[in-house]
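**Q** I'd like to ask some things about the structure below.
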Amino acid sequence: MNTIPAELKTNGYLRYSGLFSSGELHSLDESCHKLIGGWDAGARSDGRFWSCPDSNGDSVLYRIHAIETLLPEAVAVLQSTSLRSVCTSLLGTSWKPSAFALCYKAPKVGMPVPWHRDPIVTPPSCIFNLSIYLDDSGPTNGCLEVLPGSHLDDTPVPSNGERPPGAVPVCAVAGDVIVHDVRVLHGSAMNPSHQRRRALVIEIQKTP
C-alpha cells in the first residue's frame, strides 16, 4: 500500500537525507567519473551523451541518457533496501523504473536547465523522479530548484526563462535522495563554481 508523505503530496518534492553511505555509492561514483572522463577526453560519438554549446561554442556535457545500458551499477542502486522502501511508500508494491539518466554540471561551465515540467501527461502523485546525489548540491553549483505546489495546478512554464516567484532551492549532500513529482515545475541555474554536481535520476511509475 502506498503512503505518500504529506509534504511530497503538498509541495511536489521531498528530500530523504543520508539514504546512502559513501561506501554504498563508491562503485557507482567511480564508474560515473570514468564515463565523464572518457567524454572529456574526446570519446563523443555515443548518442547517449547529451551536450550543448556554451557561449564560446564549446560542447558541454549535461546528461548521460539511458545510463543503465552503460553501467550495471545504475540498476543495482534499486536493489538497496532503503531505496526500494521509498519506492514502495510512493507507489505500493507494483512499480517499475521507466528511465535512468545521469544529470551532470561540470565545474565552471555546467549549463542551466530551463524551467519545465517533465514531458509526461499524468495526474499528480503517479510518476516520480528519484535523484540520488553523488556530490553535494547547493545554490553555488546550480542545485535543483522547484516551485512548490505547482504539480497540483496549471501554473504556466515561464516563457522568458526567469525564475518564477516562490521558487525555492533544494539542497542536498552526497548520499541524499530528492524525490520530485514529474508534474512539478523545476529548473536549475548555471554552475559557476569549482564543484561538480552529479545525480543519478531514476524515474519510477506504478504498474497495472
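Within each chain, counting starts at residue 1; across the C-alpha cells, chains are named A, B, ... in the order shown, with ligands numbered 1 upward in that order.
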Wanna dump the stretch 15-119 of chain A-stretch 140-164 of chain A contacts at 10 Å for me, each residue with its shortest atom pair and the distance in Å to one decimal, counting only C-alpha atoms, ordered by chain and number, as CSV?
**A**
residue,atom,partner,partner_atom,distance
A:Lys105,CA,A:Gly142,CA,7.6
A:Ala106,CA,A:Asn141,CA,9.0
A:Pro107,CA,A:Asn141,CA,7.8
A:Lys108,CA,A:Asn141,CA,8.5
A:Val109,CA,A:Asn141,CA,10.0
A:Gly110,CA,A:Gly142,CA,7.8
A:Met111,CA,A:Gly142,CA,8.5
A:Pro112,CA,A:Gly142,CA,7.3
A:Val113,CA,A:Leu144,CA,9.0
A:Pro114,CA,A:Gly161,CA,6.1
A:Trp115,CA,A:Val157,CA,6.5
A:His116,CA,A:Val157,CA,5.9
A:Arg117,CA,A:Val157,CA,7.5
**Q** So which residues touch A:Asp118 within 12 Å, counting only C-alpha atoms, skipping near sequence neighbours fewer than 4 positions away, as a PyMOL selection string?
**A** chain A and resi 113-114+122+127-129+151+157+180-187+203
**Q** Which residues in stretch 148-200 of chain A does DSSP call strand (DSSP E)? List them as a list in words.
**A**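 For stretch 148-200 of chain A, the strand (DSSP E) set is Val168, Pro169, Val177, Ile178, Val179, His180, Asp181, His186, Gly187, Ser188, Arg197, Arg198, Ala199 and Leu200 of chain A.
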**Q** Using only C-alpha atoms, pick whichever of A:Thr93, A:Lys9, A:Ile64, A:Leu19 has the shortest atom-to-atom distance to A:Leu130.
**A**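 Closest to A:Leu130 of all the choices is A:Leu19.
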**Q** Just want the 10 Å neighbourhood of stretch 35-46 of chain A, counted on only C-alpha atoms, with same-chain residues fewer than 4 positions away dropped. Output as number ranges by chain.
**A** A: 30-31, 50-51, 59-64, 67, 70-71, 104, 106
**Q** Could you save the residues just selected, with N, CA and C atoms, as a compact mmCIF listing (two decimals), in the first residue's frame?
**A**
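Contents of again04.txt, freshly written:
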# COMPACT_ATOMS: atom_id res chain seq x y z
N GLU A 30 32.64 5.96 -8.91
CA GLU A 30 33.84 5.75 -9.71
C GLU A 30 33.50 5.51 -11.19
N SER A 31 32.47 4.72 -11.45
CA SER A 31 32.10 4.41 -12.83
C SER A 31 31.58 5.64 -13.56
N TRP A 50 24.55 13.58 -23.87
CA TRP A 50 23.89 14.79 -24.36
C TRP A 50 24.70 16.02 -23.97
N SER A 51 24.92 16.89 -24.92
CA SER A 51 25.69 18.10 -24.66
C SER A 51 25.05 19.28 -25.37
N SER A 59 31.36 22.33 -26.60
CA SER A 59 30.35 21.39 -26.13
C SER A 59 30.48 21.16 -24.64
N VAL A 60 29.35 21.20 -23.94
CA VAL A 60 29.31 20.99 -22.50
C VAL A 60 28.38 19.82 -22.21
N LEU A 61 28.90 18.78 -21.62
CA LEU A 61 28.11 17.61 -21.27
C LEU A 61 27.15 17.96 -20.13
N TYR A 62 25.86 17.57 -20.29
CA TYR A 62 24.92 17.83 -19.20
C TYR A 62 24.09 16.61 -18.80
N ARG A 63 24.12 15.55 -19.62
CA ARG A 63 23.30 14.38 -19.29
C ARG A 63 23.85 13.15 -19.99
N ILE A 64 23.82 12.02 -19.29
CA ILE A 64 24.08 10.73 -19.92
C ILE A 64 22.76 9.98 -19.86
N ILE A 67 21.57 5.57 -18.95
CA ILE A 67 22.86 5.18 -18.35
C ILE A 67 22.84 3.73 -17.88
N LEU A 70 24.83 1.45 -19.92
CA LEU A 70 26.28 1.62 -19.84
C LEU A 70 26.85 1.12 -18.52
N LEU A 71 26.07 1.29 -17.46
CA LEU A 71 26.57 0.95 -16.12
C LEU A 71 25.58 0.06 -15.39
N TYR A 104 24.44 16.04 -14.97
CA TYR A 104 25.80 16.46 -14.66
C TYR A 104 25.97 17.95 -14.91
N ALA A 106 29.24 20.32 -14.95
CA ALA A 106 30.70 20.39 -14.85
C ALA A 106 31.11 21.66 -14.10
**Q** Pick out the residues sitting within 10 Å of A:Arg15, and hand them over as a list of chain:residue names; count only C-alpha atoms, and ignore anything fewer than 5 positions along from it in its own chain.
**A**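 Close residues of A:Arg15: A:Glu7, A:Leu8, A:Leu130, A:Ser131, A:Val170, A:Cys171, A:Ala172, A:Asp176, A:Val177, A:Ile178, A:Val179, A:His180.
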**Q** To one decimal place, how far is atom CA of A:Leu91 from atom CA of A:Asn2 in Å?
**A**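 Atom CA of A:Asn2 lies 5.0 Å from atom CA of A:Leu91.
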**Q** If I take atom CA of A:Gly92 and atom CA of A:Leu25, how far is one from the other in Å, to one decimal?
**A**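 Result for atom CA of A:Gly92 versus atom CA of A:Leu25: 25.2 Å, one decimal.
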**Q** Which polymer residues have any atom within 8 Å of an atom of A:Ala199, counting only C-alpha atoms, with same-chain residues fewer than 4 positions away left out, as a list of chain:residue names?
**A**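 Residues near the query, excluding close chain neighbours: A:Leu102, A:Cys103, A:Tyr104, A:Ser131, A:Ile132, A:Tyr133, A:Leu134, A:Asp135.
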**Q** Please dump the current selection as a short mmCIF file (atom, residue, chain, number, x, y, z; two decimals), in the first residue's frame; keep C-alpha atoms.
**A**
data_model
loop_
_atom_site.label_atom_id
_atom_site.label_comp_id
_atom_site.auth_asym_id
_atom_site.auth_seq_id
_atom_site.Cartn_x
_atom_site.Cartn_y
_atom_site.Cartn_z
CA LEU A 102 22.95 10.87 -15.01
CA CYS A 103 22.49 14.63 -14.71
CA TYR A 104 25.80 16.46 -14.66
CA SER A 131 17.67 11.83 -7.78
CA ILE A 132 20.49 10.03 -5.98
CA TYR A 133 23.22 12.59 -5.29
CA LEU A 134 26.86 11.67 -5.81
CA ASP A 135 28.06 15.18 -4.93
#
**Q** I need the residue nearest A:Pro139 from this list: A:Cys52, A:Ala189, A:Leu14, A:Ala6. Use only C-alpha atoms for the distance.
**A** A:Ala189
**Q** Find the residues around A:Ser27 up to 12 Å (only C-alpha atoms counted), leave out those fewer than 4 positions away in its own chain, and share them as a compact mmCIF listing (two decimals) with N, CA and C atoms, in the first residue's frame.
**A**
# COMPACT_ATOMS: atom_id res chain seq x y z
N SER A 21 25.27 5.61 2.14
CA SER A 21 26.60 5.96 2.65
C SER A 21 27.55 6.12 1.46
N SER A 22 28.70 6.72 1.72
CA SER A 22 29.69 6.87 0.65
C SER A 22 30.16 5.51 0.15
N GLY A 23 30.23 4.53 1.05
CA GLY A 23 30.64 3.19 0.64
C GLY A 23 29.65 2.54 -0.30
N SER A 31 32.47 4.72 -11.45
CA SER A 31 32.10 4.41 -12.83
C SER A 31 31.58 5.64 -13.56
N CYS A 32 30.80 6.47 -12.87
CA CYS A 32 30.32 7.71 -13.48
C CYS A 32 31.47 8.66 -13.77
N HIS A 33 32.42 8.71 -12.85
CA HIS A 33 33.60 9.55 -13.04
C HIS A 33 34.38 9.12 -14.30
N LYS A 34 34.51 7.82 -14.52
CA LYS A 34 35.22 7.32 -15.69
C LYS A 34 34.46 7.63 -16.99
N LEU A 71 26.07 1.29 -17.46
CA LEU A 71 26.57 0.95 -16.12
C LEU A 71 25.58 0.06 -15.39
N PRO A 72 25.92 -1.19 -15.13
CA PRO A 72 25.04 -2.03 -14.31
C PRO A 72 24.88 -1.48 -12.90
N GLU A 73 25.84 -0.68 -12.45
CA GLU A 73 25.75 -0.10 -11.11
C GLU A 73 24.53 0.82 -10.97
N ALA A 74 24.10 1.41 -12.09
CA ALA A 74 22.93 2.29 -12.03
C ALA A 74 21.67 1.51 -11.68
N ALA A 76 21.75 -1.46 -10.12
CA ALA A 76 21.98 -2.09 -8.83
C ALA A 76 21.55 -1.21 -7.67
N VAL A 77 21.57 0.11 -7.87
CA VAL A 77 21.14 1.03 -6.81
C VAL A 77 19.72 0.72 -6.36
N LEU A 134 25.48 12.14 -5.97
CA LEU A 134 26.86 11.67 -5.81
C LEU A 134 27.78 12.78 -5.32
**Q** Looking at only C-alpha atoms, which of A:Pro192, A:Gly138, A:Ser98, A:Glu24 is the one that sits closest to A:Gln79?
**A** A:Glu24
**Q** Looking only at helix (DSSP H, G or I) from DSSP on the backbone, list the matching residues of stretch 130-176 of chain A as a list in words.
**A**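 Secondary structure check on stretch 130-176 of chain A, helix (DSSP H, G or I): Pro139, Thr140, Asn141, Ser150, His151 and Leu152 of chain A.
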**Q** Mind dumping the selected residues with N, CA and C atoms as a compact mmCIF listing (two decimals), in the first residue's frame?
**A**
# COMPACT_ATOMS: atom_id res chain seq x y z
N PRO A 139 23.03 26.18 -4.01
CA PRO A 139 22.93 27.32 -4.94
C PRO A 139 24.24 27.69 -5.61
N THR A 140 25.38 27.39 -4.96
CA THR A 140 26.66 27.78 -5.54
C THR A 140 27.05 26.93 -6.75
N ASN A 141 26.49 25.70 -6.87
CA ASN A 141 26.85 24.87 -8.03
C ASN A 141 25.63 24.41 -8.84
N SER A 150 3.26 23.38 -7.59
CA SER A 150 2.92 23.59 -9.00
C SER A 150 2.52 22.31 -9.72
N HIS A 151 2.69 21.15 -9.06
CA HIS A 151 2.24 19.90 -9.66
C HIS A 151 0.73 19.72 -9.53
N LEU A 152 0.11 20.56 -8.72
CA LEU A 152 -1.33 20.42 -8.45
C LEU A 152 -2.20 21.33 -9.30
